[in-house]
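Everything below belongs to run02.cif, which stores mmCIF, C-alpha atoms.
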```cif
data_data
loop_
_atom_site.label_atom_id
_atom_site.label_comp_id
_atom_site.auth_asym_id
_atom_site.auth_seq_id
_atom_site.Cartn_x
_atom_site.Cartn_y
_atom_site.Cartn_z
CA MET D 11 -40.50 -79.12 -44.76
CA ASN D 12 -42.80 -80.51 -47.46
CA ILE D 13 -45.22 -81.80 -44.81
CA LEU D 14 -45.24 -78.44 -43.03
CA LEU D 15 -45.83 -76.40 -46.17
CA SER D 16 -48.54 -78.78 -47.39
CA LEU D 17 -50.66 -77.76 -44.39
CA GLY D 18 -51.21 -74.39 -46.03
CA PRO D 19 -50.37 -70.80 -44.98
CA LYS D 20 -53.18 -70.54 -42.42
CA PHE D 21 -51.59 -73.34 -40.38
CA ALA D 22 -47.87 -73.46 -40.92
CA LEU D 23 -46.40 -70.59 -42.91
CA PRO D 24 -42.87 -70.26 -41.45
CA TYR D 25 -41.29 -66.93 -40.55
CA THR D 26 -37.64 -66.54 -39.57
CA ASN D 27 -38.27 -63.02 -38.30
CA ALA D 28 -41.04 -62.33 -35.79
CA ASN D 29 -41.54 -58.89 -37.35
CA GLN D 30 -42.68 -60.60 -40.58
CA ILE D 31 -45.57 -62.43 -38.91
CA PRO D 32 -48.82 -60.78 -40.18
CA PHE D 33 -50.54 -60.42 -36.81
CA PHE D 34 -52.82 -57.85 -38.42
CA HIS D 35 -54.68 -60.75 -40.08
CA LEU D 36 -55.50 -62.24 -36.66
CA ILE D 37 -56.35 -58.83 -35.20
CA ALA D 38 -58.58 -57.94 -38.16
CA ASP D 39 -60.44 -61.27 -37.98
CA VAL D 40 -60.97 -60.95 -34.22
CA GLU D 41 -62.19 -57.37 -34.47
CA HIS D 42 -64.52 -58.26 -37.34
CA ILE D 43 -66.13 -60.98 -35.23
CA LEU D 44 -66.31 -58.81 -32.11
CA ALA D 45 -67.98 -56.03 -34.09
CA GLN D 46 -71.05 -58.27 -34.41
CA GLN D 47 -71.52 -58.13 -30.64
CA LYS D 48 -73.46 -55.00 -29.65
CA ASN D 49 -72.74 -55.26 -25.91
CA ARG D 50 -69.54 -53.32 -25.26
CA ASN D 51 -68.76 -55.12 -21.98
CA ILE D 52 -68.99 -58.51 -23.68
CA ARG D 53 -66.77 -57.26 -26.49
CA ASP D 54 -64.11 -56.06 -24.04
CA ASP D 55 -64.22 -59.25 -21.93
CA THR D 56 -63.97 -61.46 -25.01
CA ARG D 57 -61.10 -59.40 -26.38
CA CYS D 58 -59.20 -59.78 -23.09
CA GLN D 59 -59.73 -63.56 -23.12
CA ILE D 60 -58.47 -63.82 -26.69
CA ILE D 61 -55.40 -61.74 -25.86
CA ASN D 62 -54.67 -63.89 -22.81
CA ASN D 63 -55.05 -67.17 -24.74
CA THR D 64 -52.90 -65.89 -27.59
CA GLN D 65 -50.13 -64.73 -25.26
CA ASN D 66 -50.19 -68.05 -23.37
CA TYR D 67 -49.95 -69.99 -26.63
CA ILE D 68 -47.04 -67.90 -27.90
CA HIS D 69 -45.24 -68.27 -24.56
CA ARG D 70 -45.79 -72.03 -24.53
CA ARG D 71 -44.38 -72.33 -28.04
CA LEU D 72 -41.36 -70.24 -27.11
CA VAL D 73 -40.39 -72.16 -23.97
CA HIS D 74 -41.39 -75.57 -25.39
CA THR D 75 -43.14 -76.70 -22.19
CA GLY D 76 -46.40 -78.59 -21.96
CA LEU D 77 -46.52 -79.24 -25.71
CA THR D 78 -48.66 -81.98 -27.20
CA PRO D 79 -46.98 -84.55 -29.52
CA LEU D 80 -48.50 -82.75 -32.51
CA GLU D 81 -47.13 -79.39 -31.32
CA LYS D 82 -43.70 -80.95 -30.79
CA PHE D 83 -43.78 -82.35 -34.33
CA CYS D 84 -44.82 -78.98 -35.72
CA ASN D 85 -42.03 -77.25 -33.77
CA THR D 86 -39.47 -79.64 -35.24
CA ALA D 87 -40.84 -79.10 -38.74
CA ILE D 88 -40.88 -75.32 -38.26
CA ASN D 89 -37.27 -75.28 -37.02
CA LYS D 90 -36.07 -77.34 -39.97
CA THR D 91 -37.98 -75.13 -42.39
CA LYS D 92 -36.50 -71.99 -40.81
CA GLN D 93 -33.03 -73.48 -41.20
CA PHE D 94 -33.74 -74.04 -44.89
CA ILE D 95 -34.97 -70.46 -45.31
CA ARG D 96 -31.91 -69.03 -43.53
CA SER D 97 -29.65 -71.13 -45.76
CA ASN D 98 -31.45 -69.87 -48.86
CA PRO D 99 -32.03 -66.11 -48.42
CA ASP D 100 -32.82 -65.80 -52.12
CA ILE D 101 -36.07 -67.78 -51.64
CA LEU D 102 -39.39 -66.33 -50.48
CA ILE D 103 -42.18 -68.42 -48.94
CA THR D 104 -45.56 -66.73 -48.86
CA GLU D 105 -49.27 -67.43 -49.16
CA ALA D 106 -51.15 -67.50 -52.44
CA ASP D 107 -53.89 -65.06 -53.35
CA LYS D 108 -56.53 -67.81 -53.31
CA GLY D 109 -56.93 -71.48 -52.51
CA ASN D 110 -55.07 -71.64 -49.16
CA ARG D 111 -51.84 -72.58 -50.94
CA THR D 112 -48.23 -71.86 -50.02
CA VAL D 113 -46.01 -70.40 -52.76
CA ILE D 114 -42.21 -70.70 -52.95
CA MET D 115 -40.53 -68.27 -55.32
CA TYR D 116 -37.25 -66.45 -55.79
CA LEU D 117 -37.06 -63.16 -53.93
CA ASP D 118 -35.67 -61.37 -57.00
CA ASP D 119 -38.68 -62.51 -59.04
CA TYR D 120 -41.01 -61.22 -56.33
CA ASN D 121 -39.29 -57.83 -56.20
CA ASN D 122 -39.22 -57.52 -59.98
CA LYS D 123 -42.94 -58.24 -60.21
CA MET D 124 -43.55 -55.56 -57.59
CA LEU D 125 -41.48 -53.01 -59.46
CA GLN D 126 -43.25 -53.89 -62.70
CA LEU D 127 -46.61 -53.16 -61.07
CA LEU D 128 -45.22 -49.93 -59.69
CA ASN D 129 -44.64 -48.68 -63.23
CA ASP D 130 -48.40 -48.13 -63.55
CA THR D 131 -48.19 -44.38 -62.92
CA ASN D 132 -51.86 -43.99 -63.83
CA THR D 133 -52.71 -45.71 -60.55
CA TYR D 134 -50.02 -44.47 -58.16
CA LYS D 135 -47.88 -41.42 -57.63
CA PRO D 136 -44.97 -40.97 -55.19
CA CYS D 137 -45.35 -38.76 -52.12
CA LYS D 138 -42.65 -36.46 -50.80
CA SER D 139 -43.50 -37.44 -47.22
CA ASP D 140 -45.74 -39.71 -45.18
CA PRO D 141 -49.34 -38.45 -45.69
CA THR D 142 -50.79 -40.36 -42.71
CA SER D 143 -51.01 -37.36 -40.37
CA THR D 144 -52.81 -35.24 -42.95
CA ILE D 145 -55.27 -38.02 -43.74
CA LYS D 146 -55.86 -38.57 -40.02
CA ASP D 147 -56.75 -34.90 -39.52
CA ALA D 148 -59.10 -34.95 -42.51
CA THR D 149 -60.80 -38.12 -41.24
CA ASN D 150 -61.36 -36.69 -37.77
CA THR D 151 -62.70 -33.45 -39.26
CA LEU D 152 -65.28 -35.48 -41.17
CA VAL D 153 -66.24 -37.40 -38.02
CA LYS D 154 -66.71 -34.13 -36.13
CA ARG D 155 -68.99 -32.84 -38.89
CA LEU D 156 -71.10 -36.00 -38.73
CA ALA D 157 -71.32 -35.56 -34.96
CA THR D 158 -72.32 -31.90 -35.29
CA LEU D 159 -75.10 -32.91 -37.69
CA LYS D 160 -76.15 -35.55 -35.12
CA LEU D 161 -75.85 -38.31 -37.69
CA ILE D 162 -73.81 -40.56 -35.37
CA ASP D 163 -73.99 -41.31 -31.64
CA ASN D 164 -71.23 -41.06 -29.03
CA ASP D 165 -70.11 -44.69 -29.36
CA THR D 166 -69.80 -44.28 -33.12
CA ILE D 167 -67.85 -41.03 -32.69
CA LYS D 168 -65.32 -42.84 -30.48
CA PHE D 169 -65.12 -45.72 -32.94
CA LEU D 170 -64.56 -43.52 -35.99
CA THR D 171 -62.13 -41.04 -34.43
CA SER D 172 -58.53 -41.90 -35.32
CA LYS D 173 -56.24 -41.54 -32.30
CA SER D 174 -53.09 -43.29 -33.49
CA ALA D 175 -52.32 -44.43 -37.01
CA THR D 176 -49.42 -45.57 -39.14
CA CYS D 177 -48.93 -45.83 -42.88
CA PRO D 178 -49.89 -49.33 -44.11
CA MET D 179 -47.13 -51.53 -45.54
CA ILE D 180 -48.00 -53.02 -48.92
CA TYR D 181 -47.18 -56.58 -49.93
CA GLY D 182 -48.05 -58.95 -52.77
CA GLN D 183 -49.84 -62.29 -52.90
CA PRO D 184 -49.03 -64.57 -55.86
CA LYS D 185 -51.95 -65.64 -58.03
CA ALA D 186 -51.02 -69.32 -58.08
CA HIS D 187 -53.91 -70.15 -60.44
CA LYS D 188 -52.59 -67.76 -63.12
CA ALA D 189 -49.83 -68.35 -65.67
CA GLY D 190 -46.64 -66.46 -64.86
CA LEU D 191 -47.54 -66.16 -61.18
CA PRO D 192 -48.65 -62.49 -61.20
CA LEU D 193 -48.98 -60.70 -57.86
CA ARG D 194 -52.04 -59.13 -56.28
CA PRO D 195 -50.92 -56.17 -54.13
CA VAL D 196 -52.57 -56.04 -50.72
CA VAL D 197 -52.70 -53.07 -48.35
CA PRO D 198 -53.50 -54.13 -44.75
CA THR D 199 -55.21 -50.87 -43.81
CA ILE D 200 -56.02 -51.85 -40.22
CA SER D 201 -53.29 -49.43 -39.07
CA SER D 202 -54.47 -46.56 -41.29
CA PRO D 203 -56.50 -43.55 -40.04
CA THR D 204 -59.41 -44.37 -42.38
CA TYR D 205 -59.85 -48.03 -41.40
CA ASN D 206 -62.76 -47.68 -38.96
CA LEU D 207 -64.49 -45.10 -41.14
CA SER D 208 -64.17 -47.46 -44.11
CA LYS D 209 -65.65 -50.31 -42.08
CA TYR D 210 -68.55 -48.10 -41.02
CA ILE D 211 -69.35 -47.05 -44.60
CA ALA D 212 -68.88 -50.60 -45.90
CA THR D 213 -71.39 -51.91 -43.35
CA ILE D 214 -74.00 -49.41 -44.53
CA LEU D 215 -73.40 -50.29 -48.19
CA LYS D 216 -73.55 -54.04 -47.57
CA GLN D 217 -76.91 -53.68 -45.82
CA ALA D 218 -78.30 -51.86 -48.84
CA PHE D 219 -76.75 -54.13 -51.49
CA THR D 220 -78.25 -57.26 -53.01
CA SER D 221 -76.95 -59.35 -55.89
CA CYS D 222 -78.43 -61.86 -58.31
CA PHE D 223 -74.98 -63.07 -59.41
CA ASN D 224 -72.99 -63.42 -56.19
CA VAL D 225 -71.80 -66.61 -54.54
CA LYS D 226 -70.82 -66.38 -50.89
CA ASP D 227 -67.89 -68.78 -51.03
CA SER D 228 -66.52 -71.89 -52.75
CA LYS D 229 -68.94 -74.18 -50.91
CA THR D 230 -71.92 -72.18 -52.16
CA PHE D 231 -70.58 -72.25 -55.70
CA CYS D 232 -70.03 -76.02 -55.48
CA THR D 233 -73.66 -76.48 -54.51
CA TYR D 234 -74.78 -74.32 -57.44
CA VAL D 235 -72.57 -75.78 -60.16
CA ASN D 236 -72.68 -79.51 -59.34
CA ASN D 237 -75.08 -81.30 -61.72
CA LEU D 238 -75.63 -78.05 -63.66
CA GLN D 239 -76.62 -78.90 -67.23
CA VAL D 240 -74.61 -77.20 -69.98
CA PRO D 241 -76.74 -76.64 -73.11
CA ALA D 242 -75.57 -78.19 -76.37
CA GLY D 243 -73.00 -76.06 -78.20
CA HIS D 244 -72.07 -74.14 -75.03
CA ILE D 245 -68.84 -74.09 -73.04
CA ILE D 246 -67.82 -72.98 -69.57
CA VAL D 247 -65.47 -70.01 -69.19
CA SER D 248 -64.16 -67.76 -66.45
CA PHE D 249 -63.50 -64.03 -66.68
CA ASP D 250 -61.10 -62.22 -64.37
CA VAL D 251 -60.51 -58.49 -64.02
CA VAL D 252 -56.91 -57.49 -64.74
CA SER D 253 -55.34 -56.18 -61.52
CA LEU D 254 -54.60 -52.45 -61.39
CA PHE D 255 -52.92 -52.57 -58.00
CA THR D 256 -49.20 -52.30 -57.36
CA ASN D 257 -46.58 -52.57 -54.61
CA VAL D 258 -43.87 -50.29 -53.32
CA PRO D 259 -40.51 -50.44 -51.54
CA GLN D 260 -40.87 -49.88 -47.79
CA HIS D 261 -38.73 -46.74 -47.73
CA LEU D 262 -41.02 -44.88 -50.17
CA PHE D 263 -44.55 -43.50 -49.87
CA TYR D 264 -47.09 -43.62 -52.66
CA THR D 265 -50.63 -42.35 -53.02
CA GLN D 266 -53.14 -44.38 -54.98
CA ILE D 267 -54.82 -42.07 -57.49
CA PHE D 268 -57.20 -44.58 -59.07
CA GLY D 269 -59.24 -47.49 -57.77
CA THR D 270 -59.31 -48.84 -54.23
CA ALA D 271 -56.69 -50.68 -52.22
CA MET D 272 -57.05 -54.43 -51.75
CA GLY D 273 -57.13 -54.70 -47.94
CA SER D 274 -59.47 -51.80 -47.28
CA PRO D 275 -62.89 -52.70 -45.79
CA LEU D 276 -64.49 -50.64 -48.56
CA SER D 277 -62.76 -52.37 -51.47
CA SER D 278 -64.78 -55.57 -51.43
CA ILE D 279 -68.22 -53.95 -51.42
CA ALA D 280 -67.09 -51.27 -53.90
CA ALA D 281 -65.89 -53.95 -56.32
CA ASP D 282 -69.10 -55.88 -55.75
CA ILE D 283 -71.27 -52.90 -56.66
CA VAL D 284 -69.22 -52.09 -59.77
CA THR D 285 -69.17 -55.66 -61.14
CA GLU D 286 -72.87 -56.06 -60.35
CA GLN D 287 -73.67 -52.96 -62.39
CA LEU D 288 -71.38 -54.16 -65.17
CA LEU D 289 -73.03 -57.57 -65.35
CA THR D 290 -76.52 -56.09 -65.24
CA THR D 291 -75.68 -53.66 -68.05
CA VAL D 292 -73.89 -56.04 -70.42
CA THR D 293 -76.39 -58.88 -69.98
CA THR D 294 -79.48 -56.74 -70.51
CA GLN D 295 -78.43 -53.97 -72.88
CA ALA D 296 -75.79 -55.85 -74.88
CA ASN D 297 -77.81 -59.07 -75.09
CA ILE D 298 -74.98 -61.33 -73.86
CA PRO D 299 -75.95 -64.96 -74.63
CA ALA D 300 -74.99 -66.33 -71.19
CA GLN D 301 -77.05 -69.15 -69.70
CA HIS D 302 -75.48 -69.01 -66.25
CA ILE D 303 -73.44 -66.27 -64.58
CA ARG D 304 -71.98 -66.32 -61.08
CA LYS D 305 -69.32 -64.10 -59.55
CA TYR D 306 -67.04 -64.10 -56.54
CA VAL D 307 -65.56 -60.60 -56.16
CA ASP D 308 -63.84 -60.13 -59.56
CA ASP D 309 -63.92 -63.79 -60.70
CA LEU D 310 -66.79 -64.56 -63.08
CA PHE D 311 -68.14 -67.94 -64.17
CA LEU D 312 -70.22 -68.12 -67.36
CA VAL D 313 -71.83 -70.69 -69.64
CA ILE D 314 -71.89 -69.25 -73.17
CA PRO D 315 -72.12 -70.46 -76.78
CA GLU D 316 -68.82 -71.84 -78.00
CA GLY D 317 -68.45 -69.34 -80.84
CA ALA D 318 -69.36 -66.28 -78.75
CA VAL D 319 -66.29 -66.12 -76.47
CA ASP D 320 -64.45 -63.36 -78.33
CA ASN D 321 -67.58 -61.23 -78.72
CA VAL D 322 -68.56 -61.59 -75.07
CA LEU D 323 -65.04 -60.66 -73.94
CA LYS D 324 -65.10 -57.64 -76.28
CA VAL D 325 -68.40 -56.43 -74.80
CA PHE D 326 -67.08 -56.79 -71.24
CA ASN D 327 -63.89 -54.90 -72.06
CA SER D 328 -65.80 -52.08 -73.77
CA TYR D 329 -67.80 -51.31 -70.63
CA ASP D 330 -65.04 -49.18 -69.08
CA GLN D 331 -61.47 -48.54 -70.19
CA HIS D 332 -60.17 -49.25 -66.68
CA LEU D 333 -62.05 -52.55 -66.28
CA GLN D 334 -60.31 -55.02 -68.56
CA PHE D 335 -60.93 -58.76 -68.39
CA THR D 336 -58.98 -61.87 -69.29
CA CYS D 337 -60.77 -65.07 -70.28
CA GLU D 338 -59.99 -68.69 -69.53
CA VAL D 339 -61.84 -71.32 -71.58
CA GLU D 340 -62.34 -74.93 -70.54
CA GLN D 341 -59.60 -77.27 -71.72
CA ASP D 342 -60.25 -81.00 -72.06
CA ARG D 343 -63.68 -80.35 -70.52
CA LYS D 344 -62.08 -78.87 -67.39
CA LEU D 345 -61.92 -75.32 -66.03
CA PRO D 346 -60.11 -74.12 -62.87
CA PHE D 347 -62.21 -71.62 -60.92
CA LEU D 348 -61.57 -70.23 -57.44
CA ASP D 349 -59.88 -73.09 -55.55
CA MET D 350 -61.56 -75.93 -57.45
CA LEU D 351 -61.63 -77.67 -60.80
CA ILE D 352 -64.92 -77.69 -62.72
CA ILE D 353 -65.41 -80.80 -64.85
CA ARG D 354 -67.90 -81.12 -67.73
CA ASN D 355 -69.03 -84.72 -67.82
CA ASN D 356 -69.96 -86.73 -70.93
CA ASP D 357 -73.65 -85.97 -70.37
CA ASN D 358 -72.84 -82.21 -70.20
CA THR D 359 -73.53 -81.98 -66.48
CA LEU D 360 -70.94 -80.27 -64.31
CA SER D 361 -69.12 -81.58 -61.26
CA THR D 362 -66.30 -80.22 -59.12
CA ASP D 363 -63.01 -81.53 -57.87
CA CYS D 364 -62.49 -79.42 -54.74
#
```

Final structure tokens representation of the file:
Amino acid sequence: MNILLSLGPKFALPYTNANQIPFFHLIADVEHILAQQKNRNIRDDTRCQIINNTQNYIHRRLVHTGLTPLEKFCNTAINKTKQFIRSNPDILITEADKGNRTVIMYLDDYNNKMLQLLNDTNTYKPCKSDPTSTIKDATNTLVKRLATLKLIDNDTIKFLTSKSATCPMIYGQPKAHKAGLPLRPVVPTISSPTYNLSKYIATILKQAFTSCFNVKDSKTFCTYVNNLQVPAGHIIVSFDVVSLFTNVPQHLFYTQIFGTAMGSPLSSIAADIVTEQLLTTVTTQANIPAQHIRKYVDDLFLVIPEGAVDNVLKVFNSYDQHLQFTCEVEQDRKLPFLDMLIIRNNDNTLSTDC
């Protein structure tokens, strides 16, 4: 089981119930890639090939025929892990929020953390019934108005019109890099009536948005930070926005009344625009003494004077009452950031342990 789980959730996260398998992740990734292809016939042909290959793979795994030695080993490991999970129903195995890590925690702890997040009534309110149908009608009314104004073509009308939709099921991903293992609620909105419309708007915003602070991924940040020289009297810190999201029991419906849902195509670019504006404001108007600033979504990396940490954090938290940050300062010349460890060497250059 240890070998299986060490492969990470993208490769070997075990599920005892087929209904728990998050196929929406695979579907969302495939559709995101296919959306880059403008030729509709190529998109449809590629989609059919992917479906066929996926079905063949699932069937081969189920009947255990024609398996490679590696697949046989993985099947054995999966079966043993499933037996362990069935024998320990009080344990939950899930994927971490970042870093491609698998998290094992008690189910009661998971549920309690979800209920604790749910207590944030400033962010969510309960609904008397499933609002999906009403939202679907409102979305299609908006699409029809855009069509009437001739702002979208026929292909876009078909893409944006919601024909069938279900209410998304919310779940939580543990922040394994944070003390206390807090959860980040995620809403896989691919089944929601607003998903395609959100993707369409997000695409427009991304084309119009540029950033002087962003890093694309961990690899890009590694390239930037390795051999970076930290000025004398400065330290490296990371700022992280406190999560405002929450989770709900499956038999209840809730409406989010503040912020955006993690899992919506619009959330990433919306957060990017907000944090970009925040950084631009506090670094220019508040005269923040930061030598280097880089951000990945809501995770910020800064090099600041050692005695300025409290003041910088105060300025960030005064920007907006809903945007509150926590700060992590380097310890023993080391700072965890994203899925790596940043090390300040004796000559004050930085290196990473990825």

Point-to-point distance in Å for atom CA of Leu193 of chain D and atom CA of Ile145 of chain D: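 These atoms are spaced 27.4 Å apart.
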
Output the residue selection produced by the PyMOL selection byres ((chain D and resi 243) around 9) on the file above, formatted as a PyMOL selection string. chain D and resi 240-242+244-245+314-317

For Arg354 of chain D, which residue out of D:Leu323, D:Ser208, D:Leu238, D:Leu289 is the nearest one, using only C-alpha atoms?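 Of the candidates, the smallest distance to Arg354 of chain D is held by D:Leu238.
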
List the neighbours of segment 189-192 of chain D out to 10 Å using all atoms listed in the file; skip same-chain residues closer than 2 positions along the sequence, and give me the result as JSON, numbers by chain. {"D": [106, 107, 113, 115, 119, 120, 123, 124, 127, 182, 183, 184, 185, 186, 187, 194, 195, 253]}

On this file, the PyMOL selection byres ((chain D and resi 152) around 12) gives some set of residues; write that set as a PyMOL selection string. chain D and resi 145-151+153-159+161-162+167+170-172+203-204+207

Counting all atoms listed in the file, what is within 12 Å of Phe263 of chain D, bar same-chain residues fewer than 6 positions away, as a PyMOL selection string? chain D and resi 128+134-142+176-180+257

Quick one: which residues end up in the PyMOL selection byres ((chain D and resi 327) around 12) for this structure, as a PyMOL selection string? chain D and resi 249-252+288-289+292+320-326+328-337

Tell me which protein, DNA and RNA residues are within 7 Å of segment 278-287 of chain D, counting all atoms listed in the file, leaving out same-chain ones fewer than 3 positions away, and put them as a ChimeraX atom specification. /D:212,216,221,275,290-291,307

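Between atom CA of Thr91 of chain D and atom CA of Pro79 of chain D there is a distance of 18.3 Å.
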
Could you state the separation of atom CA of Val235 of chain D and atom CA of Phe219 of chain D in Å, given to one decimal place?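 Between atom CA of Val235 of chain D and atom CA of Phe219 of chain D the gap is 23.7 Å.
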
Which residues are close to Asp349 of chain D, i.e. within 12 Å by only C-alpha atoms, leaving aside same-chain residues fewer than 5 positions away? Reply as a PDB file with C-alpha atoms, in the frame of the given file.
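Contents of selection-v1.pdb, as written:
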```
ATOM      1  CA  ALA D 106     -51.150 -67.500 -52.440  1.00  0.00           C
ATOM      2  CA  ASP D 107     -53.890 -65.060 -53.350  1.00  0.00           C
ATOM      3  CA  LYS D 108     -56.530 -67.810 -53.310  1.00  0.00           C
ATOM      4  CA  GLY D 109     -56.930 -71.480 -52.510  1.00  0.00           C
ATOM      5  CA  ASN D 110     -55.070 -71.640 -49.160  1.00  0.00           C
ATOM      6  CA  ARG D 111     -51.840 -72.580 -50.940  1.00  0.00           C
ATOM      7  CA  LYS D 185     -51.950 -65.640 -58.030  1.00  0.00           C
ATOM      8  CA  ALA D 186     -51.020 -69.320 -58.080  1.00  0.00           C
ATOM      9  CA  HIS D 187     -53.910 -70.150 -60.440  1.00  0.00           C
ATOM     10  CA  LYS D 188     -52.590 -67.760 -63.120  1.00  0.00           C
ATOM     11  CA  ASP D 227     -67.890 -68.780 -51.030  1.00  0.00           C
ATOM     12  CA  SER D 228     -66.520 -71.890 -52.750  1.00  0.00           C
ATOM     13  CA  LYS D 229     -68.940 -74.180 -50.910  1.00  0.00           C
ATOM     14  CA  PHE D 231     -70.580 -72.250 -55.700  1.00  0.00           C
ATOM     15  CA  CYS D 232     -70.030 -76.020 -55.480  1.00  0.00           C
ATOM     16  CA  TYR D 306     -67.040 -64.100 -56.540  1.00  0.00           C
ATOM     17  CA  ASP D 309     -63.920 -63.790 -60.700  1.00  0.00           C
ATOM     18  CA  THR D 362     -66.300 -80.220 -59.120  1.00  0.00           C
ATOM     19  CA  ASP D 363     -63.010 -81.530 -57.870  1.00  0.00           C
ATOM     20  CA  CYS D 364     -62.490 -79.420 -54.740  1.00  0.00           C
TER      21      CYS D 364
END
```

Take every atom of segment 95-114 of chain D listed in the file, pad by 3 Å on each side, and give me the axis-aligned box centre and edge lengths in Å, one decimal, as AutoDock Vina command-line options.
```
--center_x -43.3 --center_y -68.8 --center_z -48.4 --size_x 33.3 --size_y 13.5 --size_z 15.8
```
